[in-house]
file coords_23.txt (compact mmCIF, C-alpha atoms and all ligand atoms)
# COMPACT_ATOMS: atom_id res chain seq x y z
CA MET A 1 -5.43 17.34 25.98
CA ALA A 2 -6.38 20.80 24.82
CA ALA A 3 -3.26 22.05 26.59
CA VAL A 4 -1.03 19.52 24.82
CA VAL A 5 -2.36 20.43 21.40
CA GLY A 6 -2.04 24.09 22.31
CA LEU A 7 1.59 23.49 23.13
CA ALA A 8 2.14 21.89 19.76
CA PHE A 9 0.67 24.89 17.99
CA SER A 10 2.09 27.62 20.13
CA GLN A 11 5.60 26.23 19.79
CA GLY A 12 5.10 25.40 16.08
CA GLY A 13 8.56 25.06 14.58
CA VAL A 14 10.14 24.65 18.00
CA LEU A 15 8.49 21.26 18.34
CA GLY A 16 10.67 19.96 15.52
CA ARG A 17 13.81 20.59 17.59
CA PHE A 18 12.66 18.53 20.54
CA ASP A 19 14.07 15.08 20.87
CA ILE A 20 10.71 13.40 20.59
CA THR A 21 10.07 10.09 18.88
CA ARG A 22 6.68 9.34 20.26
CA ALA A 23 5.92 12.54 22.01
CA TYR A 24 2.34 12.44 23.15
CA SER A 25 -0.25 9.79 23.55
CA VAL A 26 -3.36 11.27 25.06
CA THR A 27 -7.05 10.70 25.39
CA LEU A 28 -9.25 13.29 23.80
CA ASN A 29 -12.02 13.21 26.35
CA VAL A 30 -11.91 16.97 26.78
CA LEU A 31 -11.56 17.95 23.14
CA PRO A 32 -14.47 19.68 21.42
CA PRO A 33 -16.09 17.25 18.95
CA SER A 34 -15.73 19.83 16.20
CA LEU A 35 -11.92 19.63 16.23
CA ASP A 36 -10.64 18.77 12.77
CA CYS A 37 -7.61 16.45 13.02
CA LYS A 38 -6.89 16.68 9.30
CA ARG A 39 -6.57 20.45 9.55
CA ILE A 40 -4.29 20.18 12.56
CA TYR A 41 -2.13 17.72 10.66
CA LYS A 42 -1.72 20.06 7.69
CA THR A 43 -0.96 22.98 9.99
CA VAL A 44 1.79 21.36 12.05
CA GLN A 45 4.12 20.32 9.29
CA CYS A 46 6.74 18.35 11.21
CA VAL A 47 4.16 16.52 13.26
CA LYS A 48 2.06 13.52 12.43
CA ILE A 49 -1.30 13.18 14.08
CA SER A 50 -2.70 9.70 13.69
CA CYS A 51 -6.33 9.63 14.62
CA PRO A 52 -8.12 6.56 13.27
CA LEU A 53 -11.58 7.58 14.45
CA TRP A 54 -11.74 11.13 13.26
CA ALA A 55 -15.52 11.16 13.32
CA ARG A 56 -15.61 10.19 17.02
CA LEU A 57 -13.04 12.41 18.57
CA ALA A 58 -14.52 12.48 22.04
CA LYS A 59 -13.33 8.94 22.78
CA THR A 60 -10.35 8.77 20.51
CA GLN A 61 -6.71 8.33 21.27
CA MET A 62 -4.37 10.63 19.40
CA GLU A 63 -0.64 10.30 18.85
CA VAL A 64 1.60 13.17 17.85
CA ASP A 65 4.88 12.03 16.28
CA VAL A 66 7.76 13.81 14.69
CA LYS A 67 8.32 12.61 11.14
CA THR A 68 11.35 10.38 10.78
CA PRO A 69 14.11 11.32 8.32
CA VAL A 70 13.00 8.43 6.10
CA GLU A 71 9.39 9.67 6.09
CA THR A 72 10.64 13.14 5.24
CA MET A 73 12.62 11.66 2.36
CA TYR A 74 9.52 9.78 1.21
CA ASP A 75 7.51 13.03 1.20
CA LYS A 76 10.06 14.55 -1.16
CA LEU A 77 10.53 11.55 -3.43
CA GLY A 78 6.87 10.44 -3.64
CA PRO A 79 5.55 13.32 -5.78
CA LYS A 80 8.49 12.88 -8.16
CA VAL A 81 7.64 9.21 -8.68
CA VAL A 82 3.98 10.17 -9.21
CA LYS A 83 5.03 12.40 -12.12
CA ALA A 84 7.14 9.60 -13.59
CA LEU A 85 4.19 7.20 -13.36
CA GLU A 86 1.88 9.71 -15.01
CA LYS A 87 4.28 10.01 -17.95
CA ARG A 88 3.73 6.28 -18.45
CA PHE A 89 -0.08 6.65 -18.43
CA PHE A 90 -0.65 5.39 -14.90
CA GLU A 91 -2.88 7.53 -12.72
CA ALA A 92 -0.95 8.11 -9.52
CA TRP A 93 -1.12 9.85 -6.14
CA TYR A 94 1.14 10.19 -3.14
CA PHE A 95 -0.09 10.33 0.46
CA SER A 96 2.07 10.73 3.55
CA ASP A 97 -0.36 8.80 5.70
CA ILE A 98 -2.50 5.72 5.47
CA PRO A 99 -6.02 7.13 6.23
CA GLU A 100 -5.91 9.56 3.30
CA ALA A 101 -4.60 6.83 1.01
CA VAL A 102 -7.41 4.45 2.01
CA GLU A 103 -9.98 7.19 1.44
CA LYS A 104 -8.55 7.77 -2.04
CA VAL A 105 -8.67 4.08 -2.91
CA PHE A 106 -12.38 3.81 -2.19
CA SER A 107 -13.15 7.09 -3.92
CA LEU A 108 -11.87 5.41 -7.10
CA ILE A 109 -14.21 2.40 -6.87
CA PRO A 110 -17.82 2.75 -8.09
CA LYS A 111 -20.31 1.34 -5.58
CA THR A 112 -21.58 -1.21 -8.11
CA ASP A 113 -18.13 -2.72 -8.73
CA THR A 114 -17.13 -6.26 -8.01
CA VAL A 115 -13.83 -6.06 -6.16
CA SER A 116 -11.10 -8.65 -5.79
CA TRP A 117 -7.40 -8.74 -4.97
CA GLY A 118 -4.19 -10.68 -5.15
CA GLY A 119 -2.11 -11.77 -2.19
CA SER A 120 -1.06 -8.29 -1.15
CA THR A 121 0.39 -7.93 2.34
CA THR A 122 0.11 -4.17 1.95
CA ALA A 123 -3.60 -4.24 1.06
CA VAL A 124 -4.30 -6.49 4.05
CA SER A 125 -2.15 -4.45 6.44
CA ILE A 126 -4.10 -1.27 5.74
CA ASN A 127 -7.43 -3.13 5.87
CA LEU A 128 -8.42 -2.61 2.24
CA THR A 129 -9.77 -6.12 1.84
CA THR A 130 -11.84 -6.00 5.03
CA LEU A 131 -13.14 -2.52 4.25
CA ALA A 132 -14.15 -3.53 0.72
CA ALA A 133 -16.59 -6.04 2.19
CA GLU A 134 -17.72 -3.71 4.99
CA LYS A 135 -18.44 -0.93 2.53
CA GLY A 136 -20.90 -3.16 0.69
CA TYR A 137 -18.96 -4.01 -2.45
CA THR A 138 -19.46 -7.41 -4.00
CA VAL A 139 -16.13 -9.07 -3.29
CA ILE A 140 -14.41 -12.15 -4.64
CA ASP A 141 -12.29 -13.39 -1.74
CA ARG A 142 -10.34 -16.57 -2.39
CA ASP A 143 -9.64 -16.92 1.33
CA LYS A 144 -13.34 -17.58 1.86
CA ALA A 145 -13.21 -20.71 -0.33
CA ALA A 146 -14.43 -23.91 1.27
CA ASN A 147 -11.83 -26.07 -0.48
CA PRO A 148 -8.82 -25.84 -2.85
CA GLU A 149 -10.95 -26.34 -5.95
CA GLU A 150 -13.24 -23.46 -5.02
CA ARG A 151 -10.22 -21.31 -4.26
CA ILE A 152 -8.88 -21.85 -7.78
CA GLU A 153 -12.29 -20.98 -9.23
CA LEU A 154 -12.43 -17.75 -7.21
CA MET A 155 -8.95 -16.84 -8.42
CA ARG A 156 -10.10 -17.40 -12.00
CA LYS A 157 -13.22 -15.29 -11.46
CA ALA A 158 -11.12 -12.51 -9.97
CA LEU A 159 -9.53 -12.05 -13.38
CA LEU A 160 -12.81 -10.58 -14.62
CA CYS A 161 -13.71 -8.40 -11.63
CA ASP A 162 -14.26 -4.66 -12.03
CA THR A 163 -11.60 -3.42 -9.61
CA TYR A 164 -8.55 -5.45 -8.68
CA LEU A 165 -6.51 -4.39 -5.65
CA ALA A 166 -2.84 -5.29 -5.76
CA GLY A 167 0.49 -4.56 -4.23
CA THR A 168 3.71 -4.41 -6.19
CA ASN A 169 7.19 -5.69 -5.46
CA ALA A 170 9.11 -2.70 -6.77
CA ILE A 171 8.63 0.61 -8.57
CA SER A 172 11.57 2.29 -10.27
CA GLU A 173 11.95 6.02 -9.91
CA ASP A 174 11.23 6.35 -13.62
CA GLY A 175 7.74 4.92 -13.06
CA GLN A 176 7.83 1.22 -13.97
CA LEU A 177 6.33 -1.61 -11.91
CA PHE A 178 8.09 -4.91 -11.23
CA ASN A 179 6.53 -8.07 -9.86
CA VAL A 180 7.34 -11.70 -9.23
CA ASP A 181 4.56 -14.25 -9.07
CA LYS A 182 4.22 -17.99 -8.54
CA ASN A 183 0.89 -18.76 -10.23
CA GLY A 184 0.69 -15.61 -12.31
CA ASN A 185 -2.82 -14.72 -11.14
CA ARG A 186 -1.78 -11.33 -9.75
CA THR A 187 0.45 -10.38 -12.65
CA ALA A 188 -2.16 -11.62 -15.14
CA ALA A 189 -4.84 -9.44 -13.52
CA MET A 190 -2.54 -6.45 -13.60
CA ILE A 191 -2.07 -6.95 -17.35
CA TYR A 192 -5.56 -7.82 -18.58
CA GLY A 193 -9.05 -8.61 -17.32
CA PRO A 194 -10.23 -6.27 -14.56
CA ARG A 195 -11.59 -2.91 -15.70
CA GLN A 196 -9.18 -1.16 -13.38
CA VAL A 197 -6.28 -2.14 -11.14
CA ILE A 198 -5.46 -0.16 -8.02
CA VAL A 199 -1.89 -0.72 -6.87
CA VAL A 200 -1.16 0.35 -3.30
CA ALA A 201 2.50 0.55 -2.31
CA GLY A 202 4.60 1.79 0.56
CA MET A 203 7.51 3.99 -0.41
CA ASN A 204 9.89 1.21 0.66
CA LYS A 205 9.08 -0.31 -2.75
CA ILE A 206 10.73 2.55 -4.63
CA VAL A 207 14.11 1.77 -6.16
CA ARG A 208 16.43 3.84 -8.30
CA ALA A 209 16.33 1.93 -11.60
CA GLU A 210 15.32 -1.29 -13.35
CA ALA A 211 18.38 -3.27 -12.26
CA ASP A 212 17.68 -2.33 -8.65
CA ALA A 213 14.08 -3.49 -9.07
CA TRP A 214 15.03 -6.98 -10.24
CA ALA A 215 17.60 -7.12 -7.46
CA ARG A 216 14.96 -6.15 -4.91
CA LEU A 217 12.65 -8.90 -6.11
CA LYS A 218 15.34 -11.53 -5.58
CA ALA A 219 16.95 -10.11 -2.46
CA ILE A 220 13.87 -9.09 -0.49
CA ALA A 221 10.42 -9.54 -2.03
CA ALA A 222 10.56 -13.21 -2.98
CA PRO A 223 12.58 -14.61 -0.04
CA ALA A 224 10.46 -12.64 2.42
CA ASN A 225 7.24 -13.79 0.78
CA ALA A 226 8.43 -17.39 0.94
CA GLN A 227 8.66 -17.16 4.73
CA ARG A 228 4.86 -16.92 4.81
CA PHE A 229 4.75 -20.50 3.49
CA PRO A 230 7.14 -22.48 5.71
CA HIS A 231 5.97 -25.78 4.22
CA LEU A 232 7.54 -24.87 0.87
CA LYS A 233 10.86 -26.57 0.28
CA THR A 234 12.93 -23.79 -1.22
CA PRO A 235 16.50 -22.65 -0.52
CA CYS A 236 15.27 -19.23 0.62
CA ASN A 237 13.09 -20.88 3.24
CA GLU A 238 16.24 -22.55 4.58
CA THR A 239 18.70 -19.68 4.36
CA GLY A 240 16.70 -16.47 3.84
CA SER A 241 18.57 -15.92 0.59
CA CYS A 242 17.58 -16.59 -3.03
CA ALA A 243 19.47 -19.35 -4.79
CA GLU A 244 17.69 -18.99 -8.15
CA CYS A 245 16.12 -22.37 -7.45
CA LEU A 246 14.31 -24.66 -9.86
CA SER A 247 12.35 -26.24 -7.01
CA ALA A 248 8.83 -27.49 -7.65
CA ASP A 249 7.89 -25.35 -4.67
CA SER A 250 9.49 -22.20 -6.08
CA ILE A 251 7.34 -19.09 -5.77
CA CYS A 252 9.26 -17.36 -8.56
CA ALA A 253 7.80 -18.37 -11.91
CA TYR A 254 6.84 -15.07 -13.52
CA PHE A 255 8.91 -11.91 -13.46
CA VAL A 256 6.84 -9.12 -14.97
CA LYS A 257 7.71 -5.54 -15.82
CA THR A 258 4.83 -3.12 -16.40
CA ARG A 259 6.41 -0.44 -18.56
CA LEU A 260 3.23 1.49 -19.41
CA SER A 261 -0.38 1.44 -18.18
CA MET A 262 -2.51 0.45 -21.17
CA PRO A 263 -5.25 1.33 -21.78
CA LYS A 264 -4.26 4.72 -20.42
CA GLY A 265 -5.22 5.13 -16.75
CA LYS A 266 -6.28 1.51 -16.25
CA ILE A 267 -3.70 1.07 -13.51
CA LYS A 268 -3.92 3.51 -10.62
CA VAL A 269 -0.99 3.70 -8.21
CA ILE A 270 -1.37 4.96 -4.66
CA LEU A 271 1.99 5.60 -3.01
CA ILE A 272 2.11 5.88 0.78
CA GLY A 273 4.97 7.46 2.70
CA LYS A 274 5.44 4.44 4.97
CA ASN A 275 7.17 1.07 4.94
CA LEU A 276 4.48 -1.41 3.97
CA GLY A 277 4.71 -5.01 2.80
CA PHE A 278 7.93 -6.38 1.36
S1 LIG B 301 15.23 -19.58 -3.75
FE1 LIG B 301 13.70 -20.10 -5.28
S2 LIG B 301 11.71 -19.63 -4.34
FE2 LIG B 301 13.30 -18.65 -3.11
S3 LIG B 301 13.41 -16.56 -3.88
FE3 LIG B 301 14.93 -17.76 -5.01
S4 LIG B 301 13.92 -18.51 -6.87
FE4 LIG B 301 12.35 -17.78 -5.44

call {"tool": "encode", "arguments": {"input": "coords_23.txt", "output": "structure tokens", "more": "lines below"}}
Ligand code: SF4
result
Amino acid sequence: MAAVVGLAFSQGGVLGRFDITRAYSVTLNVLPPSLDCKRIYKTVQCVKISCPLWARLAKTQMEVDVKTPVETMYDKLGPKVVKALEKRFFEAWYFSDIPEAVEKVFSLIPKTDTVSWGGSTTAVSINLTTLAAEKGYTVIDRDKAANPEERIELMRKALLCDTYLAGTNAISEDGQLFNVDKNGNRTAAMIYGPRQVIVVAGMNKIVRAEADAWARLKAIAAPANAQRFPHLKTPCNETGSCAECLSADSICAYFVKTRLSMPKGKIKVILIGKNLGF
């Protein structure tokens, strides 16, 4: 392994010209425990080192990937969107990779906070909800409800938690958030109730302008979300395409634009240079 990493460093820029999509997958059983993966990552700019157990390198598997063109585009666009969000009083950060983003999320949450969340595929996919419980926060988790009535009560209580974790369906490049909701619990929490809202979004949620955001909600976010509930009788569950239905099962009741974060800084946005959620 030491030789492989040495190759990556010694050939530096040359590595970027290799036709490598998933170049190396190696076991670090010979690496010195003091090796700092984060530092390596920052040093080799065109290479991603994904090392989920940085504190236990001796038994860890490490992958070294070349960044895709889309990821490279995300790295350029992300900081620009952060600035646009900040102009609208959101606090915002961009991270190329998931581990740094997760670390940032929890650095924003006081240990005494009660934490809850909406139905965010992104938050689940990067383990935020599991980690919140593991890290000792008091959590309000509607999925732990024993019955439908308790679930509704937990969703109501979540509106007054300290930190609410949420995804978003679209963010325009000028820094506005767009969401579609069935019951309105997620959009309500984003507007008022929790002391702070932390929105975590993959860069696939970024669109050029407001019209593109509404289009994304109807073309991708809502029809894709509906597929998670195959029992719902909606046109999109039949065809994969939105028909602007008035079905009693429709998951599209509330279309909400968040133009500014008020009070200032209440909504924090963590952008990640990956495709996450839908
Ligand atoms: S068909 Fe109905 S439920 Fe499906 S995305 Fe369109 S409005 Fe929403």

call {"tool": "closest_residue", "arguments": {"input": "coords_23.txt", "among": "A:Lys274, A:Lys182, A:Lys264, A:Arg195", "to": "ligand LIG 301 (chain B)", "atoms": "all atoms listed in the file"}}
result
A:Lys182

call {"tool": "residues_near_ligand", "arguments": {"input": "coords_23.txt", "ligand": "ligand LIG 301 (chain B)", "cutoff": "10 Å", "atoms": "only C-alpha atoms and all ligand atoms", "output": "JSON, numbers by chain"}}
result
{"A": [180, 181, 182, 217, 218, 219, 220, 221, 222, 223, 224, 225, 226, 227, 232, 233, 234, 235, 236, 237, 238, 239, 240, 241, 242, 243, 244, 245, 246, 247, 248, 249, 250, 251, 252, 253]}

call {"tool": "closest_residue", "arguments": {"input": "coords_23.txt", "among": "A:Ile171, A:Val139, A:Ala188, A:Val115", "to": "Val269 in chain A", "atoms": "only C-alpha atoms"}}
result
A:Ile171

call {"tool": "residues_around", "arguments": {"input": "coords_23.txt", "residues": "range 68-71 of chain A", "least_positions_apart": "6", "cutoff": "9 Å", "atoms": "all atoms listed in the file", "output": "NGL selection string"}}
result
:A and (21 or 96 or 203 or 273-275)

call {"tool": "atom_distance", "arguments": {"input": "coords_23.txt", "atom1": "CA of Thr168 in chain A", "atom2": "CA of Ile98 in chain A"}}
result
16.6 Å

call {"tool": "atom_distance", "arguments": {"input": "coords_23.txt", "atom1": "CA of Arg88 in chain A", "atom2": "CA of Ser172 in chain A"}}
result
12.0 Å

call {"tool": "atom_distance", "arguments": {"input": "coords_23.txt", "atom1": "CA of Asn204 in chain A", "atom2": "CA of Leu276 in chain A"}}
result
6.9 Å

call {"tool": "residues_near_point", "arguments": {"input": "coords_23.txt", "point": "(-10.3, -9.4, -12.0)", "cutoff": "10 Å", "atoms": "only C-alpha atoms", "output": "ChimeraX atom specification"}}
result
/A:114-118,140,154-165,185-186,188-190,192-197

call {"tool": "residues_around", "arguments": {"input": "coords_23.txt", "residues": "Ala123 in chain A", "least_positions_apart": "6", "cutoff": "12 Å", "atoms": "all atoms listed in the file", "output": "ChimeraX atom specification"}}
result
/A:98,101-102,105,116-117,129-132,164-168,198-202,270,272,276-278

call {"tool": "build_atoms", "arguments": {"input": "coords_23.txt", "residues": "range 141-154 of chain A", "atoms": "N, CA, C and O atoms", "output": "PDB file, in the frame of the given file"}}
result
ATOM      1  N   ASP A 141     -13.354 -13.187  -2.730  1.00  0.00           N
ATOM      2  CA  ASP A 141     -12.290 -13.390  -1.740  1.00  0.00           C
ATOM      3  C   ASP A 141     -11.907 -14.870  -1.726  1.00  0.00           C
ATOM      4  O   ASP A 141     -12.637 -15.708  -1.194  1.00  0.00           O
ATOM      5  N   ARG A 142     -10.763 -15.163  -2.288  1.00  0.00           N
ATOM      6  CA  ARG A 142     -10.340 -16.570  -2.390  1.00  0.00           C
ATOM      7  C   ARG A 142     -10.133 -17.199  -1.019  1.00  0.00           C
ATOM      8  O   ARG A 142     -10.222 -18.421  -0.876  1.00  0.00           O
ATOM      9  N   ASP A 143      -9.857 -16.373  -0.019  1.00  0.00           N
ATOM     10  CA  ASP A 143      -9.640 -16.920   1.330  1.00  0.00           C
ATOM     11  C   ASP A 143     -10.935 -17.400   1.973  1.00  0.00           C
ATOM     12  O   ASP A 143     -10.908 -18.008   3.047  1.00  0.00           O
ATOM     13  N   LYS A 144     -12.054 -17.100   1.334  1.00  0.00           N
ATOM     14  CA  LYS A 144     -13.340 -17.580   1.860  1.00  0.00           C
ATOM     15  C   LYS A 144     -13.736 -18.924   1.215  1.00  0.00           C
ATOM     16  O   LYS A 144     -14.808 -19.459   1.513  1.00  0.00           O
ATOM     17  N   ALA A 145     -12.879 -19.451   0.356  1.00  0.00           N
ATOM     18  CA  ALA A 145     -13.210 -20.710  -0.330  1.00  0.00           C
ATOM     19  C   ALA A 145     -13.297 -21.861   0.662  1.00  0.00           C
ATOM     20  O   ALA A 145     -12.532 -21.921   1.628  1.00  0.00           O
ATOM     21  N   ALA A 146     -14.229 -22.762   0.379  1.00  0.00           N
ATOM     22  CA  ALA A 146     -14.430 -23.910   1.270  1.00  0.00           C
ATOM     23  C   ALA A 146     -13.407 -24.996   1.023  1.00  0.00           C
ATOM     24  O   ALA A 146     -13.169 -25.845   1.902  1.00  0.00           O
ATOM     25  N   ASN A 147     -12.807 -25.026  -0.154  1.00  0.00           N
ATOM     26  CA  ASN A 147     -11.830 -26.070  -0.480  1.00  0.00           C
ATOM     27  C   ASN A 147     -10.890 -25.575  -1.578  1.00  0.00           C
ATOM     28  O   ASN A 147     -11.147 -24.519  -2.181  1.00  0.00           O
ATOM     29  N   PRO A 148      -9.807 -26.307  -1.858  1.00  0.00           N
ATOM     30  CA  PRO A 148      -8.820 -25.840  -2.850  1.00  0.00           C
ATOM     31  C   PRO A 148      -9.418 -25.624  -4.240  1.00  0.00           C
ATOM     32  O   PRO A 148      -9.034 -24.693  -4.952  1.00  0.00           O
ATOM     33  N   GLU A 149     -10.357 -26.482  -4.620  1.00  0.00           N
ATOM     34  CA  GLU A 149     -10.950 -26.340  -5.950  1.00  0.00           C
ATOM     35  C   GLU A 149     -11.722 -25.020  -6.052  1.00  0.00           C
ATOM     36  O   GLU A 149     -11.630 -24.294  -7.052  1.00  0.00           O
ATOM     37  N   GLU A 150     -12.487 -24.709  -5.003  1.00  0.00           N
ATOM     38  CA  GLU A 150     -13.240 -23.460  -5.020  1.00  0.00           C
ATOM     39  C   GLU A 150     -12.294 -22.249  -5.015  1.00  0.00           C
ATOM     40  O   GLU A 150     -12.541 -21.238  -5.660  1.00  0.00           O
ATOM     41  N   ARG A 151     -11.201 -22.398  -4.309  1.00  0.00           N
ATOM     42  CA  ARG A 151     -10.220 -21.310  -4.260  1.00  0.00           C
ATOM     43  C   ARG A 151      -9.690 -21.005  -5.669  1.00  0.00           C
ATOM     44  O   ARG A 151      -9.596 -19.847  -6.067  1.00  0.00           O
ATOM     45  N   ILE A 152      -9.384 -22.057  -6.407  1.00  0.00           N
ATOM     46  CA  ILE A 152      -8.880 -21.850  -7.780  1.00  0.00           C
ATOM     47  C   ILE A 152      -9.962 -21.172  -8.630  1.00  0.00           C
ATOM     48  O   ILE A 152      -9.679 -20.265  -9.415  1.00  0.00           O
ATOM     49  N   GLU A 153     -11.204 -21.596  -8.458  1.00  0.00           N
ATOM     50  CA  GLU A 153     -12.290 -20.980  -9.230  1.00  0.00           C
ATOM     51  C   GLU A 153     -12.441 -19.502  -8.899  1.00  0.00           C
ATOM     52  O   GLU A 153     -12.662 -18.667  -9.778  1.00  0.00           O
ATOM     53  N   LEU A 154     -12.330 -19.167  -7.609  1.00  0.00           N
ATOM     54  CA  LEU A 154     -12.430 -17.750  -7.210  1.00  0.00           C
ATOM     55  C   LEU A 154     -11.275 -16.944  -7.796  1.00  0.00           C
ATOM     56  O   LEU A 154     -11.461 -15.798  -8.230  1.00  0.00           O
TER      57      LEU A 154
END
